[in-house]
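Chemist: The file below is coords24.tsv, TSV, C-alpha atoms:
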```tsv
chain	number	residue	atom	x	y	z
A	1017	MET	CA	0.00	0.00	0.00
A	1018	SER	CA	2.81	2.46	0.74
A	1019	GLU	CA	4.16	1.90	-2.79
A	1020	ILE	CA	0.87	3.14	-4.23
A	1021	ASN	CA	0.82	6.16	-1.93
A	1022	ALA	CA	4.45	7.08	-2.64
A	1023	ALA	CA	3.87	7.31	-6.39
A	1024	ALA	CA	0.27	8.52	-6.24
A	1025	PRO	CA	-0.78	11.98	-7.35
A	1026	ALA	CA	-2.22	14.43	-4.86
A	1027	GLY	CA	-5.73	13.74	-3.61
A	1028	ASP	CA	-7.76	10.64	-2.96
A	1029	VAL	CA	-9.53	8.08	-5.14
A	1030	TYR	CA	-12.53	10.34	-5.71
A	1031	ASP	CA	-10.23	13.20	-6.76
A	1032	TRP	CA	-8.36	10.95	-9.17
A	1033	TYR	CA	-11.63	9.70	-10.62
A	1034	THR	CA	-13.18	13.15	-11.11
A	1035	ARG	CA	-9.96	14.62	-12.52
A	1036	GLY	CA	-9.59	11.60	-14.78
A	1037	MET	CA	-13.15	12.01	-16.06
A	1038	ARG	CA	-12.54	15.69	-16.78
A	1039	LEU	CA	-9.39	14.82	-18.71
A	1040	LEU	CA	-11.21	12.09	-20.63
A	1041	THR	CA	-14.06	14.45	-21.50
A	1042	SER	CA	-11.62	17.10	-22.66
A	1043	GLY	CA	-9.85	14.62	-24.94
A	1044	ASP	CA	-6.70	13.86	-22.96
A	1045	ALA	CA	-7.21	10.11	-22.71
A	1046	ALA	CA	-3.59	9.24	-21.89
A	1047	ALA	CA	-3.49	11.59	-18.89
A	1048	ALA	CA	-6.92	10.35	-17.82
A	1049	ALA	CA	-5.70	6.75	-17.97
A	1050	ALA	CA	-2.70	7.60	-15.79
A	1051	LEU	CA	-4.91	9.05	-13.06
A	1052	LEU	CA	-7.57	6.39	-13.36
A	1053	GLU	CA	-4.98	3.63	-13.08
A	1054	HIS	CA	-4.16	4.97	-9.60
A	1055	ALA	CA	-7.86	4.98	-8.74
A	1056	ALA	CA	-8.32	1.41	-10.04
A	1057	ARG	CA	-5.37	0.13	-8.00
A	1058	ALA	CA	-6.80	1.76	-4.88
A	1059	GLU	CA	-10.41	0.60	-5.57
A	1060	PRO	CA	-10.14	-2.54	-7.73
A	1061	ALA	CA	-13.75	-3.56	-7.09
A	1062	SER	CA	-15.24	-0.30	-8.37
A	1063	CYS	CA	-17.02	-0.93	-11.66
A	1064	SER	CA	-17.38	2.81	-12.34
A	1065	VAL	CA	-13.63	3.38	-11.91
A	1066	ARG	CA	-12.85	0.38	-14.13
A	1067	GLU	CA	-15.31	1.60	-16.77
A	1068	ALA	CA	-13.75	5.05	-16.81
A	1069	LEU	CA	-10.28	3.52	-16.99
A	1070	ALA	CA	-11.35	1.18	-19.81
A	1071	ARG	CA	-12.71	4.14	-21.78
A	1072	ALA	CA	-9.49	6.10	-21.25
A	1073	LEU	CA	-7.35	3.13	-22.24
A	1074	PHE	CA	-9.44	2.56	-25.37
A	1075	ASP	CA	-9.34	6.23	-26.35
A	1076	SER	CA	-5.56	6.30	-25.89
A	1077	GLY	CA	-5.12	3.28	-28.17
A	1078	ARG	CA	-4.27	0.77	-25.44
A	1079	TYR	CA	-6.76	-1.78	-26.75
A	1080	ALA	CA	-5.45	-4.89	-24.96
A	1081	ASP	CA	-5.55	-3.05	-21.63
A	1082	ALA	CA	-9.02	-1.69	-22.42
A	1083	ARG	CA	-10.17	-5.20	-23.31
A	1084	ALA	CA	-8.99	-6.48	-19.92
A	1085	ALA	CA	-10.72	-3.66	-18.03
A	1086	PHE	CA	-14.01	-4.06	-19.93
A	1087	ALA	CA	-13.79	-7.85	-19.46
A	1088	ALA	CA	-13.45	-7.40	-15.69
A	1089	ASN	CA	-16.70	-5.41	-15.70
A	1090	VAL	CA	-18.43	-8.06	-17.83
A	1091	ASP	CA	-17.25	-10.73	-15.38
A	1092	ASP	CA	-18.59	-8.75	-12.42
A	1093	SER	CA	-21.79	-7.64	-14.12
A	1094	PRO	CA	-22.79	-9.81	-17.11
A	1095	ALA	CA	-25.82	-7.57	-17.79
A	1096	ASP	CA	-23.69	-4.42	-18.20
A	1097	ASP	CA	-24.48	-3.48	-21.79
A	1098	TYR	CA	-21.79	-0.79	-21.99
A	1099	ALA	CA	-19.09	-3.20	-20.76
A	1100	HIS	CA	-20.06	-5.65	-23.52
A	1101	PHE	CA	-20.03	-2.81	-26.05
A	1102	GLY	CA	-16.58	-1.61	-24.98
A	1103	LEU	CA	-15.26	-5.15	-24.88
A	1104	GLY	CA	-16.63	-5.75	-28.36
A	1105	LEU	CA	-15.04	-2.58	-29.73
A	1106	SER	CA	-11.73	-3.50	-28.10
A	1107	HIS	CA	-11.88	-6.90	-29.83
A	1108	VAL	CA	-12.61	-5.15	-33.14
A	1109	ARG	CA	-9.54	-2.93	-32.78
A	1110	MET	CA	-7.43	-6.00	-32.08
A	1111	GLY	CA	-8.81	-7.88	-35.10
A	1112	GLU	CA	-10.65	-10.43	-32.94
A	1113	LEU	CA	-13.88	-10.27	-34.90
A	1114	ASP	CA	-15.61	-13.43	-33.66
A	1115	GLU	CA	-15.24	-12.25	-30.06
A	1116	ALA	CA	-16.26	-8.73	-31.07
A	1117	VAL	CA	-19.49	-9.92	-32.68
A	1118	GLU	CA	-20.32	-12.01	-29.62
A	1119	HIS	CA	-20.06	-9.10	-27.18
A	1120	LEU	CA	-21.62	-6.54	-29.50
A	1121	ALA	CA	-24.58	-8.88	-30.05
A	1122	ILE	CA	-25.02	-9.15	-26.28
A	1123	ALA	CA	-24.89	-5.35	-25.96
A	1124	VAL	CA	-27.59	-5.06	-28.65
A	1125	ALA	CA	-29.72	-7.71	-26.94
A	1126	LEU	CA	-29.45	-5.86	-23.64
A	1127	ARG	CA	-30.15	-2.42	-25.15
A	1128	PRO	CA	-31.82	-2.82	-28.55
A	1129	ASP	CA	-32.72	0.88	-28.56
A	1130	ASN	CA	-29.06	1.96	-28.67
A	1131	ASN	CA	-28.23	2.75	-32.30
A	1132	HIS	CA	-24.46	2.88	-31.64
A	1133	TYR	CA	-24.53	-0.74	-30.51
A	1134	GLY	CA	-26.40	-1.90	-33.62
A	1135	THR	CA	-24.12	0.05	-35.95
A	1136	ALA	CA	-21.01	-1.42	-34.31
A	1137	LEU	CA	-22.45	-4.94	-34.53
A	1138	ARG	CA	-23.30	-4.59	-38.23
A	1139	SER	CA	-19.82	-3.21	-38.92
A	1140	ALA	CA	-18.08	-6.05	-37.04
A	1141	ARG	CA	-20.19	-8.66	-38.83
A	1142	ALA	CA	-19.35	-7.09	-42.21
A	1143	ALA	CA	-15.64	-6.98	-41.37
A	1144	ARG	CA	-15.76	-10.62	-40.30
A	1145	THR	CA	-17.42	-11.57	-43.60
A	1146	ARG	CA	-14.77	-9.66	-45.59
A	1147	GLY	CA	-11.91	-11.12	-43.53
```
Any chance you could give the structure as structure tokens?

Modeler:
Amino acid sequence: MSEINAAAPAGDVYDWYTRGMRLLTSGDAAAAAALLEHAARAEPASCSVREALARALFDSGRYADARAAFAANVDDSPADDYAHFGLGLSHVRMGELDEAVEHLAIAVALRPDNNHYGTALRSARAARTRG
């Protein structure tokens, strides 16, 4: 625990989370990921922290790390449509189209009204057919 505190930025987990979300919203995904990684180490069971971290990792191009973070949320909450969506998109970026289609289809099944989910699923299925 002292290792985390020695290298940690100023503030507490909530500060890191809120600052990380502001950075993510403003487009600085890499800086957001750095802060949110501290928050995730301090609160590993927090789905909201892991989701924010997964988004920041994805937006900063760290797709394998994003995949792991989204997968942790799917494991903890199998009915989390956004976690399936993010996991599916991470698989797409890594060229893992069968896995992508599986998770995107689950996201669509959980939230059929979300047009982004349906568009991503159709795109992944088309890419899989072309591949």

Chemist: So how many Å separate CA of Ala1055 in chain A and CA of Tyr1033 in chain A, to one decimal?

Modeler: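 If I compute the distance from CA of Ala1055 in chain A to CA of Tyr1033 in chain A, I get 6.3 Å.
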
Chemist: Enter the distance from CA of Leu1073 in chain A to CA of Ala1125 in chain A, in Å, rounded to one decimal.

Modeler: 25.3 Å

Chemist: With a cut-off of 7 Å, could you pull out the residues of range 1055-1145 of chain A touching range 1045-1050 of chain A and give me the nearest pair of atoms for each, distance in Å to one decimal, using only C-alpha atoms, ordered by chain and ascending number, as a Markdown table?

Modeler:
```
| residue | atom | partner | partner_atom | distance |
| --- | --- | --- | --- | --- |
| A:Leu1069 | CA | A:Ala1049 | CA | 5.7 |
| A:Ala1072 | CA | A:Ala1045 | CA | 4.8 |
| A:Leu1073 | CA | A:Ala1049 | CA | 5.8 |
| A:Asp1075 | CA | A:Ala1045 | CA | 5.7 |
| A:Ser1076 | CA | A:Ala1045 | CA | 5.2 |
```

Chemist: Using only C-alpha atoms, which of A:Leu1105, A:Ala1085, A:Ala1080, A:Met1037 sits nearest His1132 in chain A?

Modeler: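 Using only C-alpha atoms, His1132 in chain A sits closest to A:Leu1105.
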
Chemist: For Leu1137 in chain A, which of A:Asp1096, A:Glu1059, A:Asp1028, A:Glu1115 is the closest residue, counting all atoms listed in the file?

Modeler: A:Glu1115

Chemist: If I take CA of Phe1086 in chain A and CA of Arg1109 in chain A, how far is one from the other in Å, to one decimal?

Modeler: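 Computed distance, CA of Phe1086 in chain A to CA of Arg1109 in chain A, equals 13.7 Å.
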
Chemist: Within 12 Å of range 1023-1025 of chain A, counting all atoms listed in the file, which residues show up once you throw out same-chain ones fewer than 3 positions away? Write them as a ChimeraX atom specification, please.

Modeler: /A:1017-1020,1028-1033,1035-1036,1047,1050-1058

Chemist: Here is a test: counting all atoms listed in the file, which residue of A:Gly1147, A:Gly1111, A:Gly1102, A:Gly1043 is nearest to Ala1084 in chain A?

Modeler: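 Closest candidate: A:Gly1102.
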
Chemist: Show me, as a list in words, the residues that have an atom within 12 Å of Thr1135 in chain A when counting all atoms listed in the file, minus same-chain residues fewer than 6 positions from it.

Modeler: Phe1101, Leu1105, Val1117, Leu1120, Ala1121, Ala1123, Val1124, Pro1128, Asp1129, Arg1141 and Ala1142 of chain A

Chemist: Write out, as a PDB file, in the coordinates of the input, the residues just selected, with C-alpha atoms.

Modeler:
```
ATOM      1  CA  PHE A1101     -20.030  -2.810 -26.050  1.00  0.00           C
ATOM      2  CA  LEU A1105     -15.040  -2.580 -29.730  1.00  0.00           C
ATOM      3  CA  VAL A1117     -19.490  -9.920 -32.680  1.00  0.00           C
ATOM      4  CA  LEU A1120     -21.620  -6.540 -29.500  1.00  0.00           C
ATOM      5  CA  ALA A1121     -24.580  -8.880 -30.050  1.00  0.00           C
ATOM      6  CA  ALA A1123     -24.890  -5.350 -25.960  1.00  0.00           C
ATOM      7  CA  VAL A1124     -27.590  -5.060 -28.650  1.00  0.00           C
ATOM      8  CA  PRO A1128     -31.820  -2.820 -28.550  1.00  0.00           C
ATOM      9  CA  ASP A1129     -32.720   0.880 -28.560  1.00  0.00           C
ATOM     10  CA  ARG A1141     -20.190  -8.660 -38.830  1.00  0.00           C
ATOM     11  CA  ALA A1142     -19.350  -7.090 -42.210  1.00  0.00           C
TER      12      ALA A1142
END
```
